[in-house]
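J.: Handing you this structure, nothing more for now.
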Amino acid sequence: MRLLLIGDIMGRPGRRAVREVLPGLIKERGVDFVTANAENLAGGVGTTRETAEEMFSAGVDVLTSGNHIWDNKEVFDYIRQEPRLLRPVNYPAVQPGGGSLVAPARNGAKVAVVSASGRVFMGPAHCPFETLPPLVAELRKETPLVVVDFHGEATSEKRALGWHLAGTVTAVVGTHTHVPTADEEILEGGTAYVTDLGMAGAYDSVIGIRKEDSLARFRTGLPAAYHTAKGDVRFCALLVEADESSGKALSVERMCLRLEEPLT
């Protein structure tokens, strides 16, 4: 069983990277199931019906999200209709949409996906360390294959949650910082882990934003509009091979593929 877990898809460059890279990877590497983080799909901020469905058409099976999920107002209606788009499960229950889903893989197996948010340097959310274990126990009644996208700022919080869930889920992967970390491993008990998957987007940038826009904010302390960068487009993800019967991860492979043609 091969799971491809994609990080934050940043605007048009990130969507292009997914469209151009993902179909080939699915075929060449025998990928059975794909997740990706959607909170930056539309212009780098938020998600729309159009951008989400573009990613589903490219081969993504489930989209997770994070603190920018509500930045485009049209997503409120769409997320009620589309269960494959998740908001963090530890956000208030009154919010529309769901935070977890059991979905079919290409090989016929079932995969449970959980979208969760950290709390350190992030917005209000219920404690993920309390919320996730009972949810995971329920999901494991349907399938041993459970993937958790933990959207958080602090490395320590992400790593702590990885150890907290070690042995009970197939993978805990971090998103949000847009910078791929070189600490992929299989934790005790067979849980794949990486602190941050990185992004699909323009790396000649400040985490996907034009350098001049980001520098203006840091240098002046004044509000400045952010625009998605275009240069050095890459596709970053983690490929996890897992045992279908136990849900345990068998191998992990970090990838960061550069697109050959520049974005204009």
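Naming scheme: A, B, ... for chains in displayed order of the structure tokens; residues 1 onward per chain; ligands 1 onward as shown.
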Compile a residue-level contact table for region 209-244 of chain A against region 138-160 of chain A at a cut-off of 10 Å, reporting for every qualifying residue the shortest atom pair and its distance in Å to one decimal, with only C-alpha atoms counted, rows ordered by chain and ascending number, as JSON lines.
T.:
```
{"residue": "A:Ala242", "atom": "CA", "partner": "A:Leu145", "partner_atom": "CA", "distance": 8.0}
{"residue": "A:Asp243", "atom": "CA", "partner": "A:Leu145", "partner_atom": "CA", "distance": 8.4}
{"residue": "A:Glu244", "atom": "CA", "partner": "A:Leu145", "partner_atom": "CA", "distance": 6.9}
```
J.: Could you write out, as a ChimeraX atom specification, all the residues of region 126-257 of chain A that DSSP marks as helix (DSSP H, G or I)?
T.: /A:128-139,155-165,211-220
J.: Generate the output file for the selected residues, N, CA, C and O atoms, as a compact mmCIF listing (two decimals), in the first residue's frame.
T.:
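See part.txt below for the written result:
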```
# COMPACT_ATOMS: atom_id res chain seq x y z
N PRO A 128 -5.24 18.99 20.63
CA PRO A 128 -5.13 17.83 19.75
C PRO A 128 -4.69 16.57 20.49
O PRO A 128 -5.03 15.46 20.08
N PHE A 129 -3.97 16.74 21.59
CA PHE A 129 -3.50 15.59 22.35
C PHE A 129 -4.65 14.87 23.05
O PHE A 129 -4.56 13.67 23.32
N GLU A 130 -5.73 15.59 23.32
CA GLU A 130 -6.93 14.98 23.89
C GLU A 130 -7.91 14.55 22.80
O GLU A 130 -8.58 13.52 22.93
N THR A 131 -8.00 15.34 21.74
CA THR A 131 -9.01 15.09 20.70
C THR A 131 -8.69 13.88 19.85
O THR A 131 -9.59 13.09 19.50
N LEU A 132 -7.42 13.70 19.49
CA LEU A 132 -7.09 12.71 18.47
C LEU A 132 -7.11 11.24 18.91
O LEU A 132 -7.60 10.39 18.16
N PRO A 133 -6.59 10.88 20.10
CA PRO A 133 -6.59 9.44 20.43
C PRO A 133 -7.96 8.76 20.38
O PRO A 133 -8.08 7.69 19.76
N PRO A 134 -9.02 9.32 20.97
CA PRO A 134 -10.32 8.63 20.85
C PRO A 134 -10.85 8.61 19.42
O PRO A 134 -11.50 7.64 19.01
N LEU A 135 -10.56 9.65 18.64
CA LEU A 135 -10.98 9.66 17.24
C LEU A 135 -10.25 8.57 16.46
O LEU A 135 -10.86 7.83 15.67
N VAL A 136 -8.96 8.46 16.69
CA VAL A 136 -8.18 7.43 16.01
C VAL A 136 -8.71 6.04 16.35
O VAL A 136 -8.82 5.16 15.48
N ALA A 137 -9.04 5.81 17.61
CA ALA A 137 -9.58 4.51 18.03
C ALA A 137 -10.86 4.18 17.27
O ALA A 137 -11.07 3.03 16.86
N GLU A 138 -11.71 5.17 17.05
CA GLU A 138 -12.95 4.96 16.30
C GLU A 138 -12.65 4.67 14.83
O GLU A 138 -13.24 3.78 14.22
N LEU A 139 -11.73 5.43 14.25
CA LEU A 139 -11.40 5.24 12.84
C LEU A 139 -10.77 3.87 12.59
O LEU A 139 -11.01 3.24 11.56
N THR A 155 7.86 23.09 15.86
CA THR A 155 8.43 21.77 15.66
C THR A 155 8.21 20.88 16.87
O THR A 155 7.89 19.69 16.74
N SER A 156 8.37 21.43 18.05
CA SER A 156 8.23 20.63 19.26
C SER A 156 6.82 20.06 19.40
O SER A 156 6.64 18.90 19.79
N GLU A 157 5.81 20.86 19.08
CA GLU A 157 4.43 20.39 19.19
C GLU A 157 4.16 19.28 18.17
O GLU A 157 3.51 18.28 18.48
N LYS A 158 4.67 19.45 16.95
CA LYS A 158 4.47 18.43 15.93
C LYS A 158 5.15 17.13 16.34
O LYS A 158 4.58 16.04 16.22
N ARG A 159 6.37 17.26 16.80
CA ARG A 159 7.12 16.06 17.17
C ARG A 159 6.47 15.36 18.37
O ARG A 159 6.39 14.13 18.42
N ALA A 160 6.00 16.16 19.31
CA ALA A 160 5.33 15.57 20.47
C ALA A 160 4.08 14.80 20.06
O ALA A 160 3.81 13.71 20.58
N LEU A 161 3.31 15.37 19.12
CA LEU A 161 2.11 14.65 18.69
C LEU A 161 2.48 13.37 17.94
O LEU A 161 1.79 12.35 18.07
N GLY A 162 3.57 13.41 17.18
CA GLY A 162 4.03 12.20 16.52
C GLY A 162 4.27 11.08 17.51
O GLY A 162 3.81 9.95 17.33
N TRP A 163 4.97 11.39 18.60
CA TRP A 163 5.23 10.38 19.62
C TRP A 163 3.95 10.01 20.38
O TRP A 163 3.77 8.87 20.79
N HIS A 164 3.06 10.98 20.55
CA HIS A 164 1.80 10.72 21.25
C HIS A 164 0.95 9.68 20.51
O HIS A 164 0.27 8.86 21.13
N LEU A 165 1.00 9.73 19.17
CA LEU A 165 0.19 8.82 18.36
C LEU A 165 0.99 7.63 17.82
O LEU A 165 0.42 6.79 17.11
N LYS A 211 9.36 37.75 -2.68
CA LYS A 211 10.34 38.22 -1.70
C LYS A 211 10.15 39.69 -1.36
O LYS A 211 10.23 40.08 -0.18
N GLU A 212 9.87 40.52 -2.37
CA GLU A 212 9.73 41.96 -2.10
C GLU A 212 8.53 42.27 -1.22
O GLU A 212 8.55 43.21 -0.41
N ASP A 213 7.47 41.48 -1.34
CA ASP A 213 6.28 41.69 -0.50
C ASP A 213 6.58 41.35 0.95
O ASP A 213 6.23 42.10 1.87
N SER A 214 7.22 40.22 1.15
CA SER A 214 7.54 39.80 2.51
C SER A 214 8.56 40.73 3.16
O SER A 214 8.43 41.12 4.33
N LEU A 215 9.57 41.12 2.38
CA LEU A 215 10.59 42.04 2.92
C LEU A 215 9.98 43.38 3.31
O LEU A 215 10.38 43.98 4.33
N ALA A 216 9.01 43.85 2.55
CA ALA A 216 8.38 45.13 2.87
C ALA A 216 7.73 45.09 4.25
O ALA A 216 7.82 46.04 5.03
N ARG A 217 7.07 44.00 4.54
CA ARG A 217 6.43 43.87 5.86
C ARG A 217 7.46 43.80 6.98
O ARG A 217 7.32 44.45 8.02
N PHE A 218 8.51 42.99 6.77
CA PHE A 218 9.51 42.83 7.82
C PHE A 218 10.32 44.11 8.05
O PHE A 218 10.66 44.45 9.18
N ARG A 219 10.62 44.84 6.97
CA ARG A 219 11.46 46.03 7.10
C ARG A 219 10.72 47.23 7.65
O ARG A 219 11.28 48.06 8.35
N THR A 220 9.44 47.36 7.30
CA THR A 220 8.70 48.56 7.69
C THR A 220 7.73 48.34 8.84
O THR A 220 7.35 49.29 9.52
```
J.: Applying 7 Å and only C-alpha atoms, which residues near Phe33 (chain A) remain after dropping the ones on its own chain fewer than 4 positions away? List them as a PyMOL selection string.
T.: chain A and resi 2-4+61+105-106
J.: Need to verify the contact set: Val18 (chain A), 9 Å, only C-alpha atoms, exclusion of same-chain residues closer than 5 positions in sequence. Can you return it as a short mmCIF file (atom, residue, chain, number, x, y, z; two decimals) with N, CA, C and O atoms, in the first residue's frame?
T.:
```
data_model
loop_
_atom_site.label_atom_id
_atom_site.label_comp_id
_atom_site.auth_asym_id
_atom_site.auth_seq_id
_atom_site.Cartn_x
_atom_site.Cartn_y
_atom_site.Cartn_z
N ILE A 6 1.15 15.03 0.30
CA ILE A 6 1.65 16.29 -0.26
C ILE A 6 1.44 17.41 0.76
O ILE A 6 0.42 17.45 1.45
N ILE A 9 -0.23 23.25 -0.81
CA ILE A 9 -0.21 23.62 -2.23
C ILE A 9 -0.41 25.13 -2.30
O ILE A 9 -1.47 25.64 -1.96
N PRO A 13 1.22 28.37 -8.80
CA PRO A 13 2.41 27.54 -9.04
C PRO A 13 2.29 26.16 -8.39
O PRO A 13 2.69 25.16 -8.99
N PRO A 23 -0.03 12.96 -11.65
CA PRO A 23 -0.50 11.82 -12.45
C PRO A 23 0.62 10.83 -12.80
O PRO A 23 0.42 9.61 -12.75
N MET A 55 -7.63 20.03 -8.00
CA MET A 55 -6.73 19.09 -7.35
C MET A 55 -7.31 17.68 -7.31
O MET A 55 -6.59 16.69 -7.48
N ALA A 58 -6.69 16.15 -10.57
CA ALA A 58 -5.29 15.80 -10.79
C ALA A 58 -4.90 14.49 -10.11
O ALA A 58 -3.83 13.95 -10.39
N GLY A 59 -5.76 14.01 -9.19
CA GLY A 59 -5.47 12.74 -8.53
C GLY A 59 -5.43 12.76 -7.03
O GLY A 59 -5.20 11.72 -6.39
N VAL A 60 -5.64 13.93 -6.41
CA VAL A 60 -5.69 14.00 -4.95
C VAL A 60 -7.00 13.36 -4.47
O VAL A 60 -8.07 13.63 -5.01
N ALA A 200 4.13 22.55 -2.29
CA ALA A 200 4.15 22.57 -3.75
C ALA A 200 3.96 24.02 -4.12
O ALA A 200 2.92 24.61 -3.84
N PHE A 235 7.65 20.44 -6.21
CA PHE A 235 6.60 19.57 -5.68
C PHE A 235 7.20 18.76 -4.55
O PHE A 235 8.09 17.95 -4.77
#
```
J.: What parts of region 69-168 of chain A does DSSP call strand (DSSP E)? I'd like the answer as a PyMOL selection string.
T.: chain A and resi 100-104+110-117+146-151
J.: Which residue gives the smallest distance to Leu86 (chain A) among A:Ala38, A:Glu74, A:Gly108, A:Leu25, with only C-alpha atoms counted?
T.: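 For Leu86 (chain A), the nearest of the given residues is A:Ala38.
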J.: In terms of the shortest atom-to-atom distance over only C-alpha atoms, which of A:Leu101, A:Val114, A:Cys236, A:Ala52 is closest to Pro83 (chain A)?
T.: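 Checking each candidate against Pro83 (chain A), we get A:Leu101 as the closest.
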J.: Considering only C-alpha atoms, can you say which of A:Leu22, A:Tyr78, A:Val62, A:His68 comes closest to Arg49 (chain A)?
T.: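 That would be A:Tyr78, the residue with the smallest distance to Arg49 (chain A).
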J.: Counting only C-alpha atoms, what is within 8 Å of region 248-260 of chain A, bar same-chain residues fewer than 2 positions away, as a ChimeraX atom specification?
T.: /A:17,145,167,169-171,182,184-186,189-192,232-244,246,262
